[in-house]
Amino acid sequence: MAPEYSAFLADPVALPPELAEARTVQGARAERVLYVPAMFAASHISSPLPSSLRPVASRIVDTECARSGADCGPLDVGEDAARANLELREALGVSPRDIVLASFAQSSKIDSETIRHWRRVLQQCDRCKLALVEFPQSTAPNATRNIALALGKHAARKIVWFPFQTQRDQYAELITVADLVLDTIRYNGGCTLVDAIHAGVPVVTAPGSRLVERMGASIGRAAELQTPCRCGNLTLANYAAVEEVHPSAYAEQVLRIATRPRELQSRRCAATCVAVSSHVAAHATCKRQFAAAAPLFDLVRVTKRIAAGLRAAIDIALLGRSPMHIAAL
């Protein structure tokens with residue numbers, strides 16, 4: 001059977017070469033991968049920086065541009081964000097002591113394995129609540145009822161239903177209510193994970209063997225800071241905005257982070273550094289310091305690489321060669 005296309009975009013994390021080869025053999029197709037650096041779907045920031053993070057961004061712009069690296073300010077950046085959103089948390093039925101684990105994924109992505117891990121977390125973490133989006137019945141009929149039934153009575157009582165938002169600024173503020181965003185296992189989040197990082201909220205993902213199970217890991221690698229990030233006296237060299245775990249250890253890792261305040265705080269600070277640096281990078285006086293801080297948001301770099309890869313793919317086709325992997329790295 002003739003291939004439907006000659007090449008498709010991916011990155012080495014989302015689709016490692018060995019998985020790409022296995023896909024080609026199993027599908028008996030000749031298409032190959034056009035590999036690009038960082039996340040293969042570079043992200044443009046279309047929503048404003050959440051209000052809780054704006055003071056941090058202003059502080060960096062005003063006082064930190066001459067320094068090397070990024071300084072998020074005090075270690076209690078996460079606590080500042082929680083205080084700024086206290087009224088919103090209360091309106092949603094979330095108390096100050098609650099740990100909000102959230103998923104903004106469409107209900108169709110919430111598979112049985114993911115639900116099983118979430119149920120275990122809610123059963124073992126008294127302070128944890130699970131925040132899910134209550135999508136309109138027209139787009140996800142009976143989704144809320146089905147998820148609640150799958151979680152069981154005990155866990156279902158700990159669900160917080162976020163209202164469906166169509167305004168980007170309201171959606172951005174809503175995300176900051178979460179303390180930790182949980183990725184879905186069999187079909188990872190895409191834009192929702194990027195939005196979480198952009199809001200300064202850390203993510204836990206469990207990469208699998210398929211591209212749709214590795215998007216969270218791809219986003220996480222693309223969100224890695226290129227320079228050390230400091231929050232007060234803590235250098236966040238060992239923390240990332242996205243935590244990668246094996247699917248079998250998903251619940252254990254979520255519990256470990258959620259029940260250890262310093263762990264959660266450090267990851268929130270790391271995500272805040274990425275979020276703020278992505279905005280500060282566009283500031284004229286800070287461009288040199290932060291231009292490569294978050295490849296996930298570096299549209300210029302990724303666009304140039306994609307263009308180079310497309311030119312190579314066209315040359316291969318014009319010369320009549322068989323499709324091959326192209327590394328536009």
# chains A, B, ... in the order shown; residues from 1 in each chain; ligands from 1
$ residues_around --residues "Asp98 (chain A)" --least-positions-apart "4" --cutoff "12 Å" --atoms "only C-alpha atoms" --output "list of chain:residue names"
A:Ala82, A:Leu86, A:Arg89, A:Glu90, A:Leu92, A:Gly93, A:Val94, A:Leu122, A:Cys125, A:Asp126, A:Arg127, A:Cys128, A:Lys129, A:Leu130, A:Ala131, A:Lys158, A:Ile159, A:Val160, A:Val177, A:Ala178, A:Asp179, A:Leu180, A:Ala258, A:Thr259, A:Pro261
$ write_last_selection --atoms "C-alpha atoms" --output "CSV table (one decimal), in the first residue's frame"
chain,number,residue,atom,x,y,z
A,82,ALA,CA,-2.2,30.3,46.5
A,86,LEU,CA,-7.7,32.2,47.8
A,89,ARG,CA,-10.4,28.5,45.7
A,90,GLU,CA,-13.1,29.2,48.3
A,92,LEU,CA,-14.9,26.4,44.1
A,93,GLY,CA,-15.2,24.7,47.6
A,94,VAL,CA,-11.4,24.3,48.1
A,122,LEU,CA,-7.6,10.1,46.7
A,125,CYS,CA,-4.3,11.3,50.6
A,126,ASP,CA,-6.8,12.9,53.0
A,127,ARG,CA,-6.0,16.4,52.0
A,128,CYS,CA,-6.1,15.7,48.2
A,129,LYS,CA,-8.9,16.8,46.0
A,130,LEU,CA,-9.3,16.0,42.3
A,131,ALA,CA,-10.3,19.0,40.1
A,158,LYS,CA,-13.4,14.5,46.6
A,159,ILE,CA,-13.9,15.8,43.1
A,160,VAL,CA,-14.0,19.5,42.5
A,177,VAL,CA,-6.0,26.9,41.7
A,178,ALA,CA,-4.3,23.6,41.0
A,179,ASP,CA,-1.2,22.6,43.0
A,180,LEU,CA,-0.3,19.7,40.6
A,258,ALA,CA,1.4,15.8,47.2
A,259,THR,CA,2.2,14.8,50.7
A,261,PRO,CA,5.1,20.3,51.1
$ atom_distance --atom1 "CA of Ile197 (chain A)" --atom2 "CA of Ala275 (chain A)"
6.1 Å
$ closest_residue --among "A:Val100, A:Cys191, A:Leu9, A:Ala20" --to "Arg210 (chain A)" --atoms "only C-alpha atoms"
A:Ala20
$ select_by_dssp --residues "region 104-304 of chain A" --states "helix (DSSP H, G or I)" --output "compact mmCIF listing (two decimals) with N, CA, C and O atoms, in the first residue's frame"
# COMPACT_ATOMS: atom_id res chain seq x y z
N SER A 107 -12.77 14.63 28.69
CA SER A 107 -13.19 13.40 29.36
C SER A 107 -12.86 12.15 28.54
O SER A 107 -12.63 11.07 29.11
N SER A 108 -12.81 12.27 27.22
CA SER A 108 -12.51 11.11 26.37
C SER A 108 -11.08 10.61 26.57
O SER A 108 -10.77 9.48 26.22
N LYS A 109 -10.21 11.44 27.13
CA LYS A 109 -8.82 11.04 27.36
C LYS A 109 -8.62 10.36 28.71
O LYS A 109 -7.56 9.79 28.97
N SER A 112 -9.31 4.12 31.87
CA SER A 112 -9.52 3.33 33.08
C SER A 112 -8.25 3.20 33.92
O SER A 112 -8.31 3.21 35.16
N GLU A 113 -7.09 3.12 33.27
CA GLU A 113 -5.84 3.02 34.04
C GLU A 113 -5.57 4.30 34.80
O GLU A 113 -5.16 4.28 35.97
N THR A 114 -5.81 5.42 34.15
CA THR A 114 -5.64 6.71 34.82
C THR A 114 -6.58 6.82 36.01
O THR A 114 -6.17 7.24 37.10
N ILE A 115 -7.83 6.46 35.83
CA ILE A 115 -8.81 6.52 36.91
C ILE A 115 -8.40 5.64 38.08
O ILE A 115 -8.55 6.01 39.25
N ARG A 116 -7.85 4.47 37.78
CA ARG A 116 -7.42 3.57 38.85
C ARG A 116 -6.34 4.22 39.71
O ARG A 116 -6.37 4.13 40.95
N HIS A 117 -5.38 4.89 39.08
CA HIS A 117 -4.32 5.57 39.83
C HIS A 117 -4.89 6.75 40.61
O HIS A 117 -4.51 6.98 41.77
N TRP A 118 -5.77 7.52 40.00
CA TRP A 118 -6.38 8.65 40.70
C TRP A 118 -7.16 8.19 41.93
O TRP A 118 -7.11 8.82 42.98
N ARG A 119 -7.89 7.07 41.78
CA ARG A 119 -8.66 6.54 42.90
C ARG A 119 -7.74 6.21 44.07
O ARG A 119 -8.04 6.52 45.23
N ARG A 120 -6.62 5.59 43.77
CA ARG A 120 -5.69 5.22 44.83
C ARG A 120 -5.13 6.45 45.54
O ARG A 120 -5.02 6.48 46.77
N VAL A 121 -4.78 7.47 44.76
CA VAL A 121 -4.26 8.70 45.35
C VAL A 121 -5.29 9.33 46.29
O VAL A 121 -4.97 9.71 47.42
N LEU A 122 -6.52 9.43 45.84
CA LEU A 122 -7.57 10.06 46.66
C LEU A 122 -7.88 9.24 47.90
O LEU A 122 -8.24 9.79 48.95
N GLN A 123 -7.74 7.93 47.82
CA GLN A 123 -7.99 7.08 48.98
C GLN A 123 -6.90 7.21 50.04
O GLN A 123 -7.17 7.08 51.23
N GLN A 124 -5.67 7.49 49.60
CA GLN A 124 -4.54 7.51 50.53
C GLN A 124 -4.12 8.91 50.94
O GLN A 124 -3.29 9.06 51.85
N ALA A 143 -20.45 12.67 30.89
CA ALA A 143 -19.04 12.44 31.22
C ALA A 143 -18.80 12.56 32.72
O ALA A 143 -18.10 11.73 33.32
N THR A 144 -19.35 13.59 33.35
CA THR A 144 -19.11 13.78 34.79
C THR A 144 -19.66 12.61 35.60
O THR A 144 -19.00 12.13 36.52
N ARG A 145 -20.84 12.16 35.24
CA ARG A 145 -21.45 11.03 35.96
C ARG A 145 -20.63 9.76 35.79
O ARG A 145 -20.38 9.02 36.75
N ASN A 146 -20.16 9.51 34.57
CA ASN A 146 -19.41 8.29 34.30
C ASN A 146 -18.07 8.28 35.03
O ASN A 146 -17.64 7.24 35.55
N ILE A 147 -17.40 9.43 35.08
CA ILE A 147 -16.11 9.51 35.77
C ILE A 147 -16.31 9.32 37.27
O ILE A 147 -15.54 8.61 37.93
N ALA A 148 -17.35 9.95 37.82
CA ALA A 148 -17.63 9.81 39.25
C ALA A 148 -17.92 8.36 39.61
O ALA A 148 -17.45 7.84 40.63
N LEU A 149 -18.69 7.67 38.78
CA LEU A 149 -19.01 6.27 39.02
C LEU A 149 -17.75 5.41 38.96
O LEU A 149 -17.56 4.49 39.77
N ALA A 150 -16.87 5.71 38.01
CA ALA A 150 -15.64 4.92 37.85
C ALA A 150 -14.69 5.12 39.03
O ALA A 150 -13.97 4.19 39.42
N LEU A 151 -14.68 6.30 39.61
CA LEU A 151 -13.80 6.57 40.74
C LEU A 151 -14.29 5.92 42.03
O LEU A 151 -13.50 5.65 42.93
N LYS A 153 -17.47 5.79 45.25
CA LYS A 153 -18.13 6.76 46.11
C LYS A 153 -17.15 7.59 46.93
O LYS A 153 -17.28 8.80 47.05
N HIS A 154 -16.16 6.93 47.54
CA HIS A 154 -15.23 7.66 48.41
C HIS A 154 -14.45 8.71 47.62
O HIS A 154 -14.38 9.88 48.02
N ALA A 155 -13.87 8.30 46.50
CA ALA A 155 -13.07 9.23 45.70
C ALA A 155 -13.94 10.29 45.03
O ALA A 155 -13.54 11.45 44.91
N ALA A 156 -15.14 9.90 44.60
CA ALA A 156 -16.01 10.85 43.90
C ALA A 156 -16.39 12.02 44.78
O ALA A 156 -16.63 13.13 44.30
N ARG A 168 -9.75 33.00 27.68
CA ARG A 168 -8.40 32.58 28.00
C ARG A 168 -7.91 33.13 29.33
O ARG A 168 -7.24 32.43 30.09
N ASP A 169 -8.22 34.39 29.66
CA ASP A 169 -7.72 34.95 30.91
C ASP A 169 -8.35 34.27 32.11
O ASP A 169 -7.68 33.98 33.11
N GLN A 170 -9.66 33.95 32.03
CA GLN A 170 -10.33 33.26 33.12
C GLN A 170 -9.79 31.83 33.26
O GLN A 170 -9.63 31.31 34.37
N TYR A 171 -9.54 31.21 32.13
CA TYR A 171 -8.98 29.84 32.13
C TYR A 171 -7.60 29.84 32.77
O TYR A 171 -7.28 28.96 33.59
N ALA A 172 -6.78 30.84 32.45
CA ALA A 172 -5.43 30.92 33.01
C ALA A 172 -5.46 31.07 34.53
O ALA A 172 -4.68 30.45 35.25
N GLU A 173 -6.38 31.89 35.03
CA GLU A 173 -6.50 32.06 36.47
C GLU A 173 -7.00 30.78 37.13
O GLU A 173 -6.58 30.42 38.24
N LEU A 174 -7.89 30.07 36.47
CA LEU A 174 -8.45 28.84 37.01
C LEU A 174 -7.36 27.78 37.20
O LEU A 174 -7.36 27.04 38.18
N ILE A 175 -6.44 27.72 36.26
CA ILE A 175 -5.37 26.72 36.35
C ILE A 175 -4.54 26.90 37.61
O ILE A 175 -4.11 25.93 38.23
N CYS A 191 -2.19 20.83 24.70
CA CYS A 191 -2.33 22.25 25.06
C CYS A 191 -2.57 22.43 26.55
O CYS A 191 -2.09 23.40 27.14
N THR A 192 -3.32 21.51 27.16
CA THR A 192 -3.63 21.68 28.58
C THR A 192 -2.37 21.60 29.44
O THR A 192 -2.26 22.29 30.46
N LEU A 193 -1.42 20.75 29.06
CA LEU A 193 -0.17 20.67 29.81
C LEU A 193 0.68 21.91 29.61
O LEU A 193 1.30 22.43 30.54
N VAL A 194 0.72 22.39 28.37
CA VAL A 194 1.46 23.63 28.09
C VAL A 194 0.84 24.78 28.88
O VAL A 194 1.56 25.61 29.46
N ASP A 195 -0.48 24.83 28.92
CA ASP A 195 -1.17 25.89 29.67
C ASP A 195 -0.84 25.80 31.15
O ASP A 195 -0.68 26.83 31.83
N ALA A 196 -0.72 24.59 31.68
CA ALA A 196 -0.38 24.42 33.09
C ALA A 196 1.00 24.97 33.39
O ALA A 196 1.21 25.71 34.37
N ILE A 197 1.98 24.62 32.55
CA ILE A 197 3.34 25.12 32.75
C ILE A 197 3.36 26.64 32.62
O ILE A 197 4.02 27.34 33.39
N HIS A 198 2.63 27.15 31.64
CA HIS A 198 2.56 28.60 31.43
C HIS A 198 1.96 29.31 32.64
O HIS A 198 2.25 30.48 32.90
N LEU A 211 3.34 7.48 20.53
CA LEU A 211 3.52 8.93 20.48
C LEU A 211 2.50 9.65 21.34
O LEU A 211 2.84 10.58 22.07
N VAL A 212 1.24 9.23 21.31
CA VAL A 212 0.21 9.91 22.09
C VAL A 212 0.38 9.68 23.58
O VAL A 212 -0.25 10.37 24.39
N GLU A 213 1.23 8.70 23.96
CA GLU A 213 1.51 8.46 25.37
C GLU A 213 2.81 9.15 25.80
O GLU A 213 3.21 9.03 26.96
N MET A 215 3.58 12.57 24.69
CA MET A 215 3.52 14.02 24.48
C MET A 215 3.85 14.78 25.75
O MET A 215 4.48 15.84 25.72
N GLY A 216 3.41 14.25 26.91
CA GLY A 216 3.73 14.91 28.16
C GLY A 216 5.22 14.97 28.42
O GLY A 216 5.75 16.00 28.85
N ALA A 217 5.92 13.86 28.14
CA ALA A 217 7.38 13.85 28.30
C ALA A 217 8.04 14.81 27.33
O ALA A 217 9.01 15.50 27.67
N SER A 218 7.52 14.86 26.10
CA SER A 218 8.06 15.78 25.10
C SER A 218 7.93 17.23 25.55
O SER A 218 8.87 18.02 25.46
N ILE A 219 6.75 17.56 26.06
CA ILE A 219 6.53 18.92 26.56
C ILE A 219 7.45 19.21 27.74
O ILE A 219 8.02 20.30 27.84
N GLY A 220 7.62 18.22 28.61
CA GLY A 220 8.49 18.41 29.76
C GLY A 220 9.93 18.69 29.39
O GLY A 220 10.57 19.58 29.94
N ARG A 221 10.46 17.92 28.44
CA ARG A 221 11.85 18.15 28.02
C ARG A 221 11.99 19.52 27.37
O ARG A 221 13.00 20.21 27.56
N ALA A 222 10.98 19.92 26.61
CA ALA A 222 11.04 21.23 25.95
C ALA A 222 10.90 22.37 26.93
O ALA A 222 11.26 23.51 26.63
N PRO A 247 4.57 4.34 34.26
CA PRO A 247 3.13 4.19 34.51
C PRO A 247 2.80 3.40 35.76
O PRO A 247 1.83 3.72 36.47
N SER A 248 3.59 2.37 36.08
CA SER A 248 3.30 1.55 37.26
C SER A 248 3.53 2.30 38.57
O SER A 248 2.99 1.92 39.61
N ALA A 249 4.34 3.38 38.51
CA ALA A 249 4.65 4.15 39.72
C ALA A 249 3.93 5.49 39.75
O ALA A 249 4.26 6.36 40.56
N TYR A 250 2.96 5.65 38.89
CA TYR A 250 2.25 6.93 38.75
C TYR A 250 1.63 7.37 40.08
O TYR A 250 1.88 8.48 40.56
N ALA A 251 0.81 6.54 40.68
CA ALA A 251 0.13 6.91 41.92
C ALA A 251 1.14 7.17 43.04
O ALA A 251 1.00 8.13 43.81
N GLU A 252 2.16 6.31 43.15
CA GLU A 252 3.16 6.49 44.21
C GLU A 252 3.86 7.84 44.12
O GLU A 252 4.06 8.52 45.13
N GLN A 253 4.22 8.24 42.91
CA GLN A 253 4.94 9.50 42.75
C GLN A 253 4.03 10.69 43.03
O GLN A 253 4.46 11.67 43.64
N VAL A 254 2.79 10.62 42.58
CA VAL A 254 1.85 11.70 42.86
C VAL A 254 1.67 11.84 44.37
O VAL A 254 1.68 12.96 44.91
N LEU A 255 1.51 10.72 45.07
CA LEU A 255 1.37 10.75 46.52
C LEU A 255 2.61 11.32 47.20
O LEU A 255 2.51 12.10 48.15
N ARG A 256 3.77 10.95 46.71
CA ARG A 256 5.02 11.44 47.32
C ARG A 256 5.12 12.95 47.20
O ARG A 256 5.48 13.64 48.15
N ILE A 257 4.79 13.48 46.02
CA ILE A 257 4.87 14.93 45.82
C ILE A 257 3.78 15.65 46.61
O ILE A 257 4.02 16.66 47.28
N ALA A 258 2.57 15.12 46.55
CA ALA A 258 1.42 15.80 47.16
C ALA A 258 1.51 15.83 48.69
O ALA A 258 0.98 16.75 49.31
N PRO A 261 5.25 18.85 51.43
CA PRO A 261 5.13 20.27 51.05
C PRO A 261 6.34 20.84 50.34
O PRO A 261 6.20 21.59 49.38
N ARG A 262 7.54 20.47 50.80
CA ARG A 262 8.74 21.03 50.17
C ARG A 262 8.90 20.52 48.74
O ARG A 262 9.32 21.25 47.85
N GLU A 263 8.59 19.25 48.53
CA GLU A 263 8.65 18.69 47.17
C GLU A 263 7.69 19.43 46.25
O GLU A 263 8.05 19.83 45.14
N LEU A 264 6.47 19.60 46.70
CA LEU A 264 5.46 20.28 45.89
C LEU A 264 5.85 21.73 45.65
O LEU A 264 5.72 22.24 44.54
N GLN A 265 6.34 22.39 46.68
CA GLN A 265 6.72 23.79 46.58
C GLN A 265 7.88 23.97 45.60
O GLN A 265 7.88 24.90 44.78
N SER A 266 8.85 23.08 45.64
CA SER A 266 10.01 23.19 44.75
C SER A 266 9.61 22.99 43.30
O SER A 266 10.08 23.70 42.41
N ARG A 267 8.73 22.04 43.04
CA ARG A 267 8.27 21.82 41.67
C ARG A 267 7.41 22.98 41.17
O ARG A 267 7.46 23.33 40.00
N ARG A 268 6.62 23.54 42.06
CA ARG A 268 5.83 24.70 41.66
C ARG A 268 6.74 25.88 41.32
O ARG A 268 6.50 26.61 40.37
N CYS A 269 7.80 26.02 42.08
CA CYS A 269 8.74 27.10 41.81
C CYS A 269 9.45 26.87 40.47
O CYS A 269 9.67 27.81 39.71
N ALA A 270 9.79 25.61 40.18
CA ALA A 270 10.43 25.31 38.90
C ALA A 270 9.51 25.64 37.73
O ALA A 270 9.94 26.23 36.73
N ALA A 271 8.23 25.28 37.86
CA ALA A 271 7.27 25.60 36.80
C ALA A 271 7.09 27.10 36.67
O ALA A 271 6.94 27.64 35.57
N THR A 272 7.12 27.80 37.81
CA THR A 272 7.00 29.26 37.78
C THR A 272 8.17 29.88 37.04
O THR A 272 7.99 30.83 36.26
N CYS A 273 9.37 29.35 37.25
CA CYS A 273 10.54 29.86 36.54
C CYS A 273 10.36 29.75 35.03
O CYS A 273 10.69 30.67 34.28
N VAL A 274 9.86 28.60 34.57
CA VAL A 274 9.65 28.40 33.14
C VAL A 274 8.60 29.37 32.62
O VAL A 274 8.77 29.99 31.57
N ALA A 275 7.50 29.50 33.37
CA ALA A 275 6.42 30.38 32.93
C ALA A 275 6.88 31.82 32.82
O ALA A 275 6.64 32.51 31.81
N VAL A 276 7.57 32.29 33.85
CA VAL A 276 8.01 33.68 33.86
C VAL A 276 9.09 33.93 32.82
O VAL A 276 9.08 34.94 32.11
N SER A 277 10.02 32.98 32.68
CA SER A 277 11.11 33.18 31.71
C SER A 277 10.59 33.26 30.29
O SER A 277 11.14 33.96 29.45
N SER A 278 9.48 32.53 30.01
CA SER A 278 8.93 32.57 28.67
C SER A 278 8.40 33.95 28.32
O SER A 278 8.40 34.35 27.16
N HIS A 279 7.96 34.69 29.32
CA HIS A 279 7.49 36.06 29.09
C HIS A 279 8.64 37.05 29.11
O HIS A 279 8.70 37.96 28.29
N VAL A 280 9.55 36.85 30.05
CA VAL A 280 10.67 37.78 30.16
C VAL A 280 11.58 37.70 28.93
O VAL A 280 12.20 38.67 28.54
N ALA A 284 12.97 43.28 25.75
CA ALA A 284 14.17 43.69 25.01
C ALA A 284 15.43 43.62 25.86
O ALA A 284 16.46 43.10 25.43
N THR A 285 15.36 44.11 27.11
CA THR A 285 16.56 44.16 27.93
C THR A 285 16.94 42.81 28.52
O THR A 285 18.02 42.65 29.05
N CYS A 286 16.03 41.84 28.42
CA CYS A 286 16.30 40.53 29.01
C CYS A 286 16.51 39.44 27.96
O CYS A 286 16.73 38.30 28.29
N LYS A 287 16.41 39.79 26.70
CA LYS A 287 16.42 38.79 25.64
C LYS A 287 17.68 37.92 25.69
O LYS A 287 17.63 36.71 25.51
N ARG A 288 18.81 38.56 25.97
CA ARG A 288 20.06 37.80 25.98
C ARG A 288 20.05 36.76 27.10
O ARG A 288 20.55 35.65 26.94
N GLN A 289 19.47 37.11 28.25
CA GLN A 289 19.47 36.20 29.38
C GLN A 289 18.52 35.03 29.20
O GLN A 289 18.80 33.92 29.62
N PHE A 290 17.36 35.28 28.56
CA PHE A 290 16.30 34.29 28.59
C PHE A 290 15.90 33.75 27.23
O PHE A 290 14.93 33.02 27.12
N PRO A 295 12.68 26.27 25.54
CA PRO A 295 12.52 25.92 24.12
C PRO A 295 11.08 25.67 23.72
O PRO A 295 10.71 25.87 22.57
N LEU A 296 10.25 25.25 24.67
CA LEU A 296 8.85 24.99 24.38
C LEU A 296 8.16 26.22 23.79
O LEU A 296 7.28 26.11 22.95
N PHE A 297 8.59 27.40 24.24
CA PHE A 297 7.97 28.63 23.79
C PHE A 297 8.83 29.40 22.78
O PHE A 297 8.54 30.54 22.48
N LEU A 299 9.31 29.88 19.50
CA LEU A 299 8.73 29.66 18.18
C LEU A 299 9.71 29.93 17.06
O LEU A 299 9.71 29.23 16.04
N VAL A 300 10.54 30.94 17.21
CA VAL A 300 11.47 31.31 16.14
C VAL A 300 12.43 30.17 15.85
O VAL A 300 12.63 29.77 14.69
N ARG A 301 13.01 29.61 16.90
CA ARG A 301 13.99 28.53 16.72
C ARG A 301 13.34 27.30 16.07
O ARG A 301 13.87 26.73 15.11
N VAL A 302 12.18 26.89 16.60
CA VAL A 302 11.52 25.69 16.08
C VAL A 302 11.06 25.90 14.65
O VAL A 302 11.17 25.02 13.80
N THR A 303 10.55 27.10 14.34
CA THR A 303 10.09 27.40 12.98
C THR A 303 11.23 27.29 11.98
O THR A 303 11.08 26.74 10.88
N LYS A 304 12.39 27.81 12.34
CA LYS A 304 13.55 27.74 11.45
C LYS A 304 13.95 26.28 11.20
O LYS A 304 14.30 25.90 10.07
$ closest_residue --among "A:Ala7, A:Leu182, A:Pro12, A:Leu88" --to "Val33 (chain A)" --atoms "only C-alpha atoms"
A:Ala7
$ select_by_dssp --residues "region 109-244 of chain A" --states "strand (DSSP E or B)" --output "JSON, numbers by chain"
{"A": [128, 129, 130, 131, 132, 133, 134, 159, 160, 161, 162, 163, 180, 181, 182, 203, 204, 205, 229, 230, 231, 234, 235, 242, 243, 244]}
$ atom_distance --atom1 "CA of Ala38 (chain A)" --atom2 "CA of Gln106 (chain A)"
24.6 Å
$ atom_distance --atom1 "CA of Ala240 (chain A)" --atom2 "CA of Ala327 (chain A)"
26.0 Å
